[in-house]
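K.L.:
Once you've had a glance at the structure underneath, I'll fire off some questions.
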Amino acid sequence: MKLYSDRITSTSLRRSLIGAAVLALCSGSAMAIDPFVIKDIRVEGIQRTEAGTVFSYLPVRVGETFNDDKSVTAIKALYATGFFKDVKLEKDGQVLVVLVEERPAIAKVDFTGTKEFEKDVLVKALKDIGVGEAKIFDKASVDRAEQELKRQYLSHGLYGVKVETTVTPLERNRVNINFVVDEGEVAKIKEINIVGNKVFSDKELKEQLALNTGGWFSWYTKANQYSKTKLTGDIESLKSYYLNRGYIEMNIDSTQVSITPDKKDIYITINITEGEQYKVSGIKFEGETFGREDELRQLVLLRPGATYSGELLTATNKLISDRLGTFGYAFANVNANPDINRDKREVAFTFFIDPGKRAYVRHMNIAGNTSTRDEVIRREFRQFESSWYDANKIKLSRDRVDRLGYFKDVTVDTPEAQGTSDQVDVNLTVTERPTGNFQIGGAFSQSEKFSFQAAVQQANFAGSGTTVGLELNTSKYSRTISFSQTDPYYTDDGVSRGYELYLRTTKPPAVNIGMYTIKQQGGRVSWGVPFSEVDTVFFGVGLERSKITTDTTSPTRFLDYVRSITGVASGVGTAEATAVPLTVAWARDSRDSATTPTIGRYQRANLELDVVGEQKYYRAVYEQQWYKPLFSKVTLALKGEIDYGRGLGNSSYPVFKNFYAGGIGSVRGYYSSSLGAVDTRYGDALGGASRLIGNAELQMPFPGSGQDRSLRWFVFLDGGQVYQEAEKLRLSQLRYSSGLGISWISPVGPLKLSYAKPLNAKYGDRLERFQFQMGTGF
């Protein structure tokens, strides 16, 4: 290779234009160069870039005639790659020499002084705007990155942030970039002023704002840190508050946000004009109603003579649109035009209905199911492809998928199919949650104390929708070995089948003094037959062998039972009985979710009957759960349960079938299974043949969790009691409690913690204010 000094001393014909394209761009002309045919192309100056990369961007090839125009085009093309900060073209005989000076590559991006954000998050964010490892160093991109960092800090209320960037050269034409951040102190909202309000007080209006001047939970919610996004939402909240109370012409005139020179305190002023309160004077319909005006009128929530409400107007529009959607009109447009009479302070509405074209469903698409098979989800669909769009069936499909309990979140959207005007696609997106559980080792609970357990349970085994469980559990008071399997679609039309084999040993809970042992071994098989979209009837049969062993310390009730079986006068010994329980049950489930419901109802009635075994009895259970959203984030949950058992003929009701109450799942604040009659000798809880339970909860998302329903807190009121066989169910004997708690759908199952205060505890009741339990659904 010739040295560069040799080339520049060659004849003028061997010297080409240097920077011709740059001069051409600046002056509009370039120094002339004698055209020549390129015999070869040589690239010099590259360190990291491959010569082939340069050739791929170079718009000239060997054999072409090189001239001034191609010189300008070539330099433009190489500059445009962003790889080079200087490009020169030279002629060496018939060889075109491309001289480049590469831009440095970024070897590493680091941060110093960042506490508000995780470094990994910042690294990813800056890489998206061109500043990251292996990227080409560009001063303009680094400046943009610095400004983006400042913007992120400002959005978190850190108005005193300072960012300095250090660029350190390295060998092989590389650089390290370090952003040195001085976050400063968080600017807090010092005062919020609302100007112009006369009807509602400052206190009432400020309660509608997400932003505030601080409180007990400000350290967690950060509500006293200014955010433009939050302020925009607060302005809309104020508008909605007025609109829902009839102030249809309310207006936000302006907002001012000011910060003190030390960038620590923020003052917010909101100027409003309230206007007058309006009442609804009348409702009319125009457009296409398909002769169903009377039906649609029933959906209007606004009533003539009532105060106008923007919330009711929006809900009415949605109800009418949804109703038209059940007829296939997926793109129905409903607009309510107001006719304001300012003299009378009245407003009339005309609902203009444009149903659009009737639509078909083209494709039902599923996304997000990484483990669950498509068929497990599709068999819950009630909207089908190539059929009329039906909003009710789409909602039912979503709810049925959510009620499977396999998914943390289920959403549906219905975009218009591309290239058509009368078809939609239904896209159902799920977020899977762990449905399996494997445990081995020790565990601790309040009633069982320390225990060893090993269990495998998969509610969605291999993504098939089948539940399979194998459990080995041993503790101080309970030992279990069981295997179970449930196939929800044993037949194609939705008949389920489940079976269980088990061996259980039970001793009295820790609150009891008297000792006894119950050993049960057996199995069951059951089938569930769906009769409607929400109703299922179950039939089952089981075989169970029970053995009860007593000693002199056993409760009188257990001694009497052993005496009735064995004839031993003392009742001390072992009694065995075989049962063949037949079961029939009915369940109705219209909840929107099996794990975190917010609306709907769940009902269950179960009858267990044994007329074949040695101890003849029946056992009936009825339970109802009801959920209703009170506000956007608050759900009222009510649960009631009544259980009733009796012996048949001359048989007594088996003591091992007794119901118990007390603790989470029944009446919180009382020790688990401690309510009801007690043994006369030791005061041990005996349970009963009948039970009444009632629960009420107000469920709310945990502060700072947004719309995440897996973590919630609640306040509750419980009531319940158990009764002996043939004893009347007296409401005066119910025990009550109230308190608050937290529920969390954790990776290992539902977890509930509660703190309760018993409201009418009697002498002898065992109290326990703090309680926790895993696996509770309500």
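If you're wondering about the labels, chains in the structure tokens are A, B, ... by order shown, residues count from 1 in each chain, ligands from 1 in order shown.
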Just the residues within 6 Å of range 156-164 of chain A, please, counting only C-alpha atoms, with nothing from its chain fewer than 4 positions along; format it as a ChimeraX atom specification.
P.N.:
/A:179-184,186-187,225-226,263
K.L.:
Using backbone DSSP assignments, extract all alpha helix (DSSP H) residues from range 87-207 of chain A; output them as a CSV table (one decimal) with N, CA and C atoms, in the first residue's frame.
P.N.:
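part_20.csv written:
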```csv
chain,number,residue,atom,x,y,z
A,119,LYS,N,-31.5,1.8,37.8
A,119,LYS,CA,-30.5,2.0,36.7
A,119,LYS,C,-30.9,1.2,35.5
A,120,ASP,N,-31.4,0.0,35.7
A,120,ASP,CA,-31.7,-0.8,34.5
A,120,ASP,C,-32.8,-0.2,33.7
A,121,VAL,N,-33.8,0.5,34.4
A,121,VAL,CA,-34.9,1.2,33.7
A,121,VAL,C,-34.3,2.3,32.9
A,122,LEU,N,-33.4,3.1,33.5
A,122,LEU,CA,-32.8,4.3,32.8
A,122,LEU,C,-32.0,3.8,31.6
A,123,VAL,N,-31.2,2.8,31.8
A,123,VAL,CA,-30.4,2.3,30.7
A,123,VAL,C,-31.3,1.9,29.5
A,124,LYS,N,-32.4,1.2,29.7
A,124,LYS,CA,-33.3,0.8,28.7
A,124,LYS,C,-33.9,2.0,28.0
A,125,ALA,N,-34.4,2.9,28.8
A,125,ALA,CA,-35.1,4.1,28.3
A,125,ALA,C,-34.1,4.9,27.4
A,126,LEU,N,-32.9,5.1,27.8
A,126,LEU,CA,-31.9,5.9,26.9
A,126,LEU,C,-31.5,5.1,25.7
A,127,LYS,N,-31.5,3.8,25.8
A,127,LYS,CA,-31.1,3.0,24.6
A,127,LYS,C,-32.2,3.2,23.5
A,139,LYS,N,-23.3,13.5,19.9
A,139,LYS,CA,-23.4,14.5,20.9
A,139,LYS,C,-24.9,14.9,21.0
A,140,ALA,N,-25.6,15.1,19.9
A,140,ALA,CA,-26.9,15.5,19.9
A,140,ALA,C,-27.8,14.5,20.6
A,141,SER,N,-27.6,13.2,20.4
A,141,SER,CA,-28.4,12.2,21.1
A,141,SER,C,-28.1,12.2,22.6
A,142,VAL,N,-26.9,12.4,23.0
A,142,VAL,CA,-26.6,12.5,24.4
A,142,VAL,C,-27.2,13.7,25.0
A,143,ASP,N,-27.3,14.8,24.3
A,143,ASP,CA,-28.0,16.0,24.8
A,143,ASP,C,-29.5,15.7,25.0
A,144,ARG,N,-30.1,15.0,24.0
A,144,ARG,CA,-31.5,14.6,24.1
A,144,ARG,C,-31.7,13.7,25.3
A,145,ALA,N,-30.7,12.8,25.5
A,145,ALA,CA,-30.9,11.9,26.7
A,145,ALA,C,-30.8,12.6,28.0
A,146,GLU,N,-29.9,13.6,28.1
A,146,GLU,CA,-29.8,14.4,29.3
A,146,GLU,C,-31.1,15.2,29.6
A,147,GLN,N,-31.7,15.7,28.5
A,147,GLN,CA,-33.0,16.4,28.7
A,147,GLN,C,-34.1,15.4,29.1
A,148,GLU,N,-34.1,14.2,28.5
A,148,GLU,CA,-35.1,13.2,28.9
A,148,GLU,C,-35.0,12.8,30.3
A,149,LEU,N,-33.7,12.7,30.8
A,149,LEU,CA,-33.5,12.4,32.2
A,149,LEU,C,-34.2,13.5,33.1
A,150,LYS,N,-33.9,14.7,32.8
A,150,LYS,CA,-34.5,15.8,33.5
A,150,LYS,C,-36.0,15.8,33.5
A,151,ARG,N,-36.5,15.5,32.3
A,151,ARG,CA,-38.0,15.5,32.2
A,151,ARG,C,-38.6,14.4,33.1
A,152,GLN,N,-37.9,13.2,33.2
A,152,GLN,CA,-38.4,12.2,34.0
A,152,GLN,C,-38.4,12.6,35.5
A,153,TYR,N,-37.4,13.3,35.9
A,153,TYR,CA,-37.3,13.7,37.3
A,153,TYR,C,-38.3,14.8,37.6
A,154,LEU,N,-38.5,15.7,36.6
A,154,LEU,CA,-39.5,16.7,36.8
A,154,LEU,C,-40.9,16.1,37.0
A,155,SER,N,-41.2,15.0,36.2
A,155,SER,CA,-42.5,14.4,36.3
A,155,SER,C,-42.7,13.8,37.7
A,202,ASP,N,-64.6,24.5,49.6
A,202,ASP,CA,-63.3,24.1,49.2
A,202,ASP,C,-63.0,22.6,49.6
A,203,LYS,N,-63.5,22.3,50.8
A,203,LYS,CA,-63.3,20.9,51.3
A,203,LYS,C,-63.9,19.9,50.4
A,204,GLU,N,-65.2,20.1,50.0
A,204,GLU,CA,-65.8,19.1,49.1
A,204,GLU,C,-65.1,19.0,47.8
A,205,LEU,N,-64.7,20.1,47.2
A,205,LEU,CA,-64.0,20.0,45.9
A,205,LEU,C,-62.6,19.4,46.0
A,206,LYS,N,-61.9,19.7,47.1
A,206,LYS,CA,-60.5,19.1,47.2
A,206,LYS,C,-60.6,17.6,47.5
```
K.L.:
Please determine, counting only C-alpha atoms, which residue among A:Ser218, A:Thr269, A:Gln724, A:Thr431 has the shortest atom-to-atom distance to Val401 in chain A.
P.N.:
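That would be A:Thr431, the residue with the smallest distance to Val401 in chain A.
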K.L.:
Report as a tab-separated table: every residue of range 132-220 of chain A with an atom at most 10 Å from range 83-95 of chain A, its closest pair of atoms, and their distance in Å to one decimal, counting only C-alpha atoms, with rows sorted by chain and ascending residue number.
P.N.:
```
residue	atom	partner	partner_atom	distance
A:Lys135	CA	A:Phe83	CA	9.8
A:Ile136	CA	A:Phe83	CA	6.8
A:Phe137	CA	A:Phe83	CA	9.0
A:Asp138	CA	A:Phe83	CA	9.6
```
K.L.:
Go ahead and write the selection's residues with C-alpha atoms as a short mmCIF file (atom, residue, chain, number, x, y, z; two decimals), in the first residue's frame.
P.N.:
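Here's the written file selection.cif:
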```cif
data_model
loop_
_atom_site.label_atom_id
_atom_site.label_comp_id
_atom_site.auth_asym_id
_atom_site.auth_seq_id
_atom_site.Cartn_x
_atom_site.Cartn_y
_atom_site.Cartn_z
CA LYS A 135 -24.52 2.50 19.73
CA ILE A 136 -22.65 5.19 17.75
CA PHE A 137 -21.76 8.16 19.93
CA ASP A 138 -23.60 11.29 18.86
#
```
K.L.:
Given only C-alpha atoms as the basis, pick out the residue of A:Thr552, A:Val495, A:Asp684, A:Phe36 nearest to Ser532 in chain A.
P.N.:
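Nearest candidate to Ser532 in chain A out of A:Thr552, A:Val495, A:Asp684, A:Phe36: A:Val495.
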K.L.:
Rounded to one decimal place, report the CA of Gly663 in chain A-CA of Ala726 in chain A distance in Å.
P.N.:
24.8 Å
K.L.:
Calculated over only C-alpha atoms, which of the candidates A:Glu614, A:Asp110, A:Asp765, A:Asp234 has the smallest distance to Gly132 in chain A?
P.N.:
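The answer is A:Asp110, which sits nearest to Gly132 in chain A.
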K.L.:
From the options A:Asn173, A:Val62, A:Glu207, A:Asn760, which residue's atoms come nearest to Ser732 in chain A, counting only C-alpha atoms?
P.N.:
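Selected residue with least distance to Ser732 in chain A: A:Asn760.
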K.L.:
I need the strand (DSSP E or B) residues of range 125-218 of chain A per DSSP on the backbone, written as a PyMOL selection string.
P.N.:
chain A and resi 136+162-170+174-182+188-195
K.L.:
Hey, can you spit out that residue selection with N, CA, C and O atoms as a CSV table (one decimal), in the first residue's frame?
P.N.:
```
chain,number,residue,atom,x,y,z
A,136,ILE,N,-23.6,4.2,18.2
A,136,ILE,CA,-22.7,5.2,17.8
A,136,ILE,C,-22.8,6.4,18.6
A,136,ILE,O,-23.9,6.9,18.8
A,162,LYS,N,-30.3,18.2,38.8
A,162,LYS,CA,-29.2,18.7,38.0
A,162,LYS,C,-28.5,17.5,37.4
A,162,LYS,O,-28.2,16.5,38.1
A,163,VAL,N,-28.2,17.5,36.1
A,163,VAL,CA,-27.6,16.4,35.3
A,163,VAL,C,-26.4,16.9,34.6
A,163,VAL,O,-26.5,17.9,33.8
A,164,GLU,N,-25.3,16.3,34.8
A,164,GLU,CA,-24.0,16.6,34.1
A,164,GLU,C,-23.6,15.3,33.4
A,164,GLU,O,-23.6,14.2,34.0
A,165,THR,N,-23.1,15.4,32.2
A,165,THR,CA,-22.7,14.3,31.4
A,165,THR,C,-21.2,14.3,31.2
A,165,THR,O,-20.6,15.3,30.8
A,166,THR,N,-20.5,13.2,31.5
A,166,THR,CA,-19.1,13.1,31.3
A,166,THR,C,-18.8,12.0,30.2
A,166,THR,O,-19.4,10.9,30.3
A,167,VAL,N,-18.0,12.4,29.2
A,167,VAL,CA,-17.7,11.5,28.1
A,167,VAL,C,-16.2,11.1,28.2
A,167,VAL,O,-15.4,12.0,28.1
A,168,THR,N,-15.9,9.9,28.4
A,168,THR,CA,-14.5,9.5,28.6
A,168,THR,C,-14.0,8.6,27.4
A,168,THR,O,-14.6,7.6,27.2
A,169,PRO,N,-13.0,9.1,26.7
A,169,PRO,CA,-12.5,8.3,25.5
A,169,PRO,C,-11.8,7.1,26.0
A,169,PRO,O,-11.1,7.0,27.0
A,170,LEU,N,-11.9,6.0,25.2
A,170,LEU,CA,-11.2,4.7,25.5
A,170,LEU,C,-10.5,4.3,24.2
A,170,LEU,O,-10.6,5.0,23.2
A,174,ARG,N,-13.5,4.2,21.3
A,174,ARG,CA,-14.8,4.0,22.1
A,174,ARG,C,-14.8,5.0,23.2
A,174,ARG,O,-13.8,5.7,23.5
A,175,VAL,N,-16.0,5.2,23.8
A,175,VAL,CA,-16.2,6.2,24.8
A,175,VAL,C,-17.1,5.6,25.9
A,175,VAL,O,-18.0,4.7,25.6
A,176,ASN,N,-16.9,6.0,27.1
A,176,ASN,CA,-17.8,5.7,28.2
A,176,ASN,C,-18.6,7.0,28.5
A,176,ASN,O,-18.1,8.1,28.5
A,177,ILE,N,-19.9,6.8,28.8
A,177,ILE,CA,-20.8,8.0,29.1
A,177,ILE,C,-21.3,7.8,30.5
A,177,ILE,O,-21.9,6.8,30.8
A,178,ASN,N,-21.1,8.8,31.3
A,178,ASN,CA,-21.6,8.8,32.7
A,178,ASN,C,-22.5,10.0,33.0
A,178,ASN,O,-22.0,11.1,32.8
A,179,PHE,N,-23.7,9.7,33.4
A,179,PHE,CA,-24.6,10.8,33.8
A,179,PHE,C,-24.6,11.0,35.3
A,179,PHE,O,-24.9,10.1,36.0
A,180,VAL,N,-24.1,12.1,35.7
A,180,VAL,CA,-24.0,12.4,37.1
A,180,VAL,C,-25.2,13.2,37.5
A,180,VAL,O,-25.4,14.3,37.0
A,181,VAL,N,-26.0,12.6,38.4
A,181,VAL,CA,-27.3,13.2,38.8
A,181,VAL,C,-27.3,13.7,40.2
A,181,VAL,O,-26.9,13.0,41.1
A,182,ASP,N,-27.7,15.0,40.4
A,182,ASP,CA,-28.0,15.5,41.7
A,182,ASP,C,-29.5,15.7,41.8
A,182,ASP,O,-30.0,16.6,41.2
A,188,LYS,N,-42.9,19.6,47.1
A,188,LYS,CA,-44.2,19.2,47.7
A,188,LYS,C,-45.2,20.3,47.4
A,188,LYS,O,-44.9,21.5,47.4
A,189,ILE,N,-46.5,19.8,47.3
A,189,ILE,CA,-47.6,20.8,47.1
A,189,ILE,C,-47.8,21.5,48.4
A,189,ILE,O,-48.2,20.8,49.4
A,190,LYS,N,-47.6,22.8,48.5
A,190,LYS,CA,-47.8,23.5,49.7
A,190,LYS,C,-49.3,24.0,49.9
A,190,LYS,O,-49.8,24.0,51.0
A,191,GLU,N,-49.9,24.3,48.8
A,191,GLU,CA,-51.3,24.8,48.9
A,191,GLU,C,-52.0,24.6,47.5
A,191,GLU,O,-51.4,24.7,46.5
A,192,ILE,N,-53.3,24.3,47.6
A,192,ILE,CA,-54.2,24.2,46.5
A,192,ILE,C,-55.4,25.1,46.7
A,192,ILE,O,-56.1,25.0,47.7
A,193,ASN,N,-55.5,26.1,45.8
A,193,ASN,CA,-56.6,27.1,45.9
A,193,ASN,C,-57.6,26.9,44.8
A,193,ASN,O,-57.2,26.7,43.6
A,194,ILE,N,-58.9,26.9,45.1
A,194,ILE,CA,-59.9,26.8,44.1
A,194,ILE,C,-60.7,28.1,44.2
A,194,ILE,O,-61.2,28.5,45.3
A,195,VAL,N,-60.7,28.9,43.1
A,195,VAL,CA,-61.3,30.2,43.1
A,195,VAL,C,-62.6,30.2,42.2
A,195,VAL,O,-62.6,29.6,41.1
```
K.L.:
List the neighbours of range 270-280 of chain A out to 6 Å using only C-alpha atoms; skip same-chain residues closer than 5 positions along the sequence, and give me the result as a PyMOL selection string.
P.N.:
chain A and resi 194-196+246-247+249-255+304-308+345-348
K.L.:
Got time to write the residues from that selection, N, CA, C and O atoms, as a PDB file, in the first residue's frame?
P.N.:
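Writing the result to out.pdb gives the following:
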```pdb
ATOM      1  N   ILE A 194     -58.857  26.866  45.139  1.00  0.00           N
ATOM      2  CA  ILE A 194     -59.919  26.829  44.137  1.00  0.00           C
ATOM      3  C   ILE A 194     -60.684  28.138  44.225  1.00  0.00           C
ATOM      4  O   ILE A 194     -61.203  28.500  45.291  1.00  0.00           O
ATOM      5  N   VAL A 195     -60.727  28.856  43.118  1.00  0.00           N
ATOM      6  CA  VAL A 195     -61.316  30.195  43.085  1.00  0.00           C
ATOM      7  C   VAL A 195     -62.575  30.172  42.223  1.00  0.00           C
ATOM      8  O   VAL A 195     -62.571  29.619  41.129  1.00  0.00           O
ATOM      9  N   GLY A 196     -63.642  30.782  42.740  1.00  0.00           N
ATOM     10  CA  GLY A 196     -64.879  30.894  41.964  1.00  0.00           C
ATOM     11  C   GLY A 196     -65.984  29.980  42.413  1.00  0.00           C
ATOM     12  O   GLY A 196     -67.107  30.064  41.906  1.00  0.00           O
ATOM     13  N   GLY A 246     -75.766  18.590  37.964  1.00  0.00           N
ATOM     14  CA  GLY A 246     -76.640  19.482  37.209  1.00  0.00           C
ATOM     15  C   GLY A 246     -76.000  20.740  36.662  1.00  0.00           C
ATOM     16  O   GLY A 246     -76.676  21.517  35.972  1.00  0.00           O
ATOM     17  N   TYR A 247     -74.736  20.985  36.907  1.00  0.00           N
ATOM     18  CA  TYR A 247     -74.085  22.222  36.460  1.00  0.00           C
ATOM     19  C   TYR A 247     -73.468  21.983  35.085  1.00  0.00           C
ATOM     20  O   TYR A 247     -72.265  21.816  34.927  1.00  0.00           O
ATOM     21  N   GLU A 249     -73.023  23.860  32.523  1.00  0.00           N
ATOM     22  CA  GLU A 249     -72.176  24.892  31.912  1.00  0.00           C
ATOM     23  C   GLU A 249     -70.963  25.221  32.774  1.00  0.00           C
ATOM     24  O   GLU A 249     -70.298  26.232  32.546  1.00  0.00           O
ATOM     25  N   MET A 250     -70.653  24.367  33.751  1.00  0.00           N
ATOM     26  CA  MET A 250     -69.467  24.599  34.571  1.00  0.00           C
ATOM     27  C   MET A 250     -68.222  24.602  33.696  1.00  0.00           C
ATOM     28  O   MET A 250     -68.117  23.841  32.724  1.00  0.00           O
ATOM     29  N   ASN A 251     -67.262  25.463  34.025  1.00  0.00           N
ATOM     30  CA  ASN A 251     -66.067  25.589  33.193  1.00  0.00           C
ATOM     31  C   ASN A 251     -64.843  25.821  34.073  1.00  0.00           C
ATOM     32  O   ASN A 251     -64.904  26.538  35.082  1.00  0.00           O
ATOM     33  N   ILE A 252     -63.743  25.194  33.685  1.00  0.00           N
ATOM     34  CA  ILE A 252     -62.443  25.475  34.309  1.00  0.00           C
ATOM     35  C   ILE A 252     -61.804  26.593  33.503  1.00  0.00           C
ATOM     36  O   ILE A 252     -61.396  26.401  32.355  1.00  0.00           O
ATOM     37  N   ASP A 253     -61.743  27.797  34.090  1.00  0.00           N
ATOM     38  CA  ASP A 253     -61.250  28.958  33.356  1.00  0.00           C
ATOM     39  C   ASP A 253     -59.742  28.908  33.147  1.00  0.00           C
ATOM     40  O   ASP A 253     -59.253  29.202  32.051  1.00  0.00           O
ATOM     41  N   SER A 254     -59.010  28.536  34.178  1.00  0.00           N
ATOM     42  CA  SER A 254     -57.548  28.491  34.057  1.00  0.00           C
ATOM     43  C   SER A 254     -56.965  27.766  35.266  1.00  0.00           C
ATOM     44  O   SER A 254     -57.631  27.583  36.290  1.00  0.00           O
ATOM     45  N   THR A 255     -55.726  27.332  35.100  1.00  0.00           N
ATOM     46  CA  THR A 255     -54.968  26.754  36.218  1.00  0.00           C
ATOM     47  C   THR A 255     -53.586  27.376  36.231  1.00  0.00           C
ATOM     48  O   THR A 255     -52.997  27.614  35.165  1.00  0.00           O
ATOM     49  N   PRO A 304     -87.244  13.162  33.265  1.00  0.00           N
ATOM     50  CA  PRO A 304     -87.752  14.535  33.267  1.00  0.00           C
ATOM     51  C   PRO A 304     -88.112  14.987  34.673  1.00  0.00           C
ATOM     52  O   PRO A 304     -88.739  14.258  35.443  1.00  0.00           O
ATOM     53  N   GLY A 305     -87.681  16.199  34.997  1.00  0.00           N
ATOM     54  CA  GLY A 305     -87.906  16.749  36.333  1.00  0.00           C
ATOM     55  C   GLY A 305     -86.770  16.506  37.289  1.00  0.00           C
ATOM     56  O   GLY A 305     -86.674  17.168  38.332  1.00  0.00           O
ATOM     57  N   ALA A 306     -85.885  15.563  36.959  1.00  0.00           N
ATOM     58  CA  ALA A 306     -84.743  15.265  37.833  1.00  0.00           C
ATOM     59  C   ALA A 306     -83.561  16.158  37.467  1.00  0.00           C
ATOM     60  O   ALA A 306     -83.475  16.693  36.356  1.00  0.00           O
ATOM     61  N   THR A 307     -82.648  16.323  38.399  1.00  0.00           N
ATOM     62  CA  THR A 307     -81.436  17.102  38.157  1.00  0.00           C
ATOM     63  C   THR A 307     -80.556  16.388  37.137  1.00  0.00           C
ATOM     64  O   THR A 307     -80.374  15.160  37.187  1.00  0.00           O
ATOM     65  N   TYR A 308     -80.019  17.156  36.200  1.00  0.00           N
ATOM     66  CA  TYR A 308     -79.162  16.587  35.156  1.00  0.00           C
ATOM     67  C   TYR A 308     -77.922  15.945  35.784  1.00  0.00           C
ATOM     68  O   TYR A 308     -77.351  16.448  36.760  1.00  0.00           O
ATOM     69  N   ARG A 345     -83.844  27.288  33.383  1.00  0.00           N
ATOM     70  CA  ARG A 345     -82.790  26.417  33.908  1.00  0.00           C
ATOM     71  C   ARG A 345     -83.162  24.949  33.672  1.00  0.00           C
ATOM     72  O   ARG A 345     -83.104  24.102  34.572  1.00  0.00           O
ATOM     73  N   GLU A 346     -83.522  24.666  32.439  1.00  0.00           N
ATOM     74  CA  GLU A 346     -83.882  23.323  32.045  1.00  0.00           C
ATOM     75  C   GLU A 346     -83.092  22.931  30.792  1.00  0.00           C
ATOM     76  O   GLU A 346     -82.668  23.786  30.023  1.00  0.00           O
ATOM     77  N   VAL A 347     -82.933  21.632  30.620  1.00  0.00           N
ATOM     78  CA  VAL A 347     -82.240  21.121  29.449  1.00  0.00           C
ATOM     79  C   VAL A 347     -82.987  19.891  28.934  1.00  0.00           C
ATOM     80  O   VAL A 347     -83.351  19.003  29.707  1.00  0.00           O
ATOM     81  N   ALA A 348     -83.269  19.883  27.649  1.00  0.00           N
ATOM     82  CA  ALA A 348     -83.897  18.735  26.990  1.00  0.00           C
ATOM     83  C   ALA A 348     -82.850  18.041  26.125  1.00  0.00           C
ATOM     84  O   ALA A 348     -81.952  18.690  25.577  1.00  0.00           O
TER      85      ALA A 348
END
```
K.L.:
Could you give me, as a list in words, the residues within 10 Å of Pro415 in chain A, counting only C-alpha atoms and dropping anything in the same chain fewer than 2 positions from it?
P.N.:
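Near Pro415 in chain A, the qualifying residues are Ala330, Phe331, Val412, Asp413, Ala417, Gln418, Gln423, Val424, Asp425, Val426 and Asn427 of chain A.
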K.L.:
How many Å separate CA of Ala459 in chain A from CA of Thr491 in chain A?
P.N.:
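Answer for the CA of Ala459 in chain A to CA of Thr491 in chain A separation: 18.4 Å.
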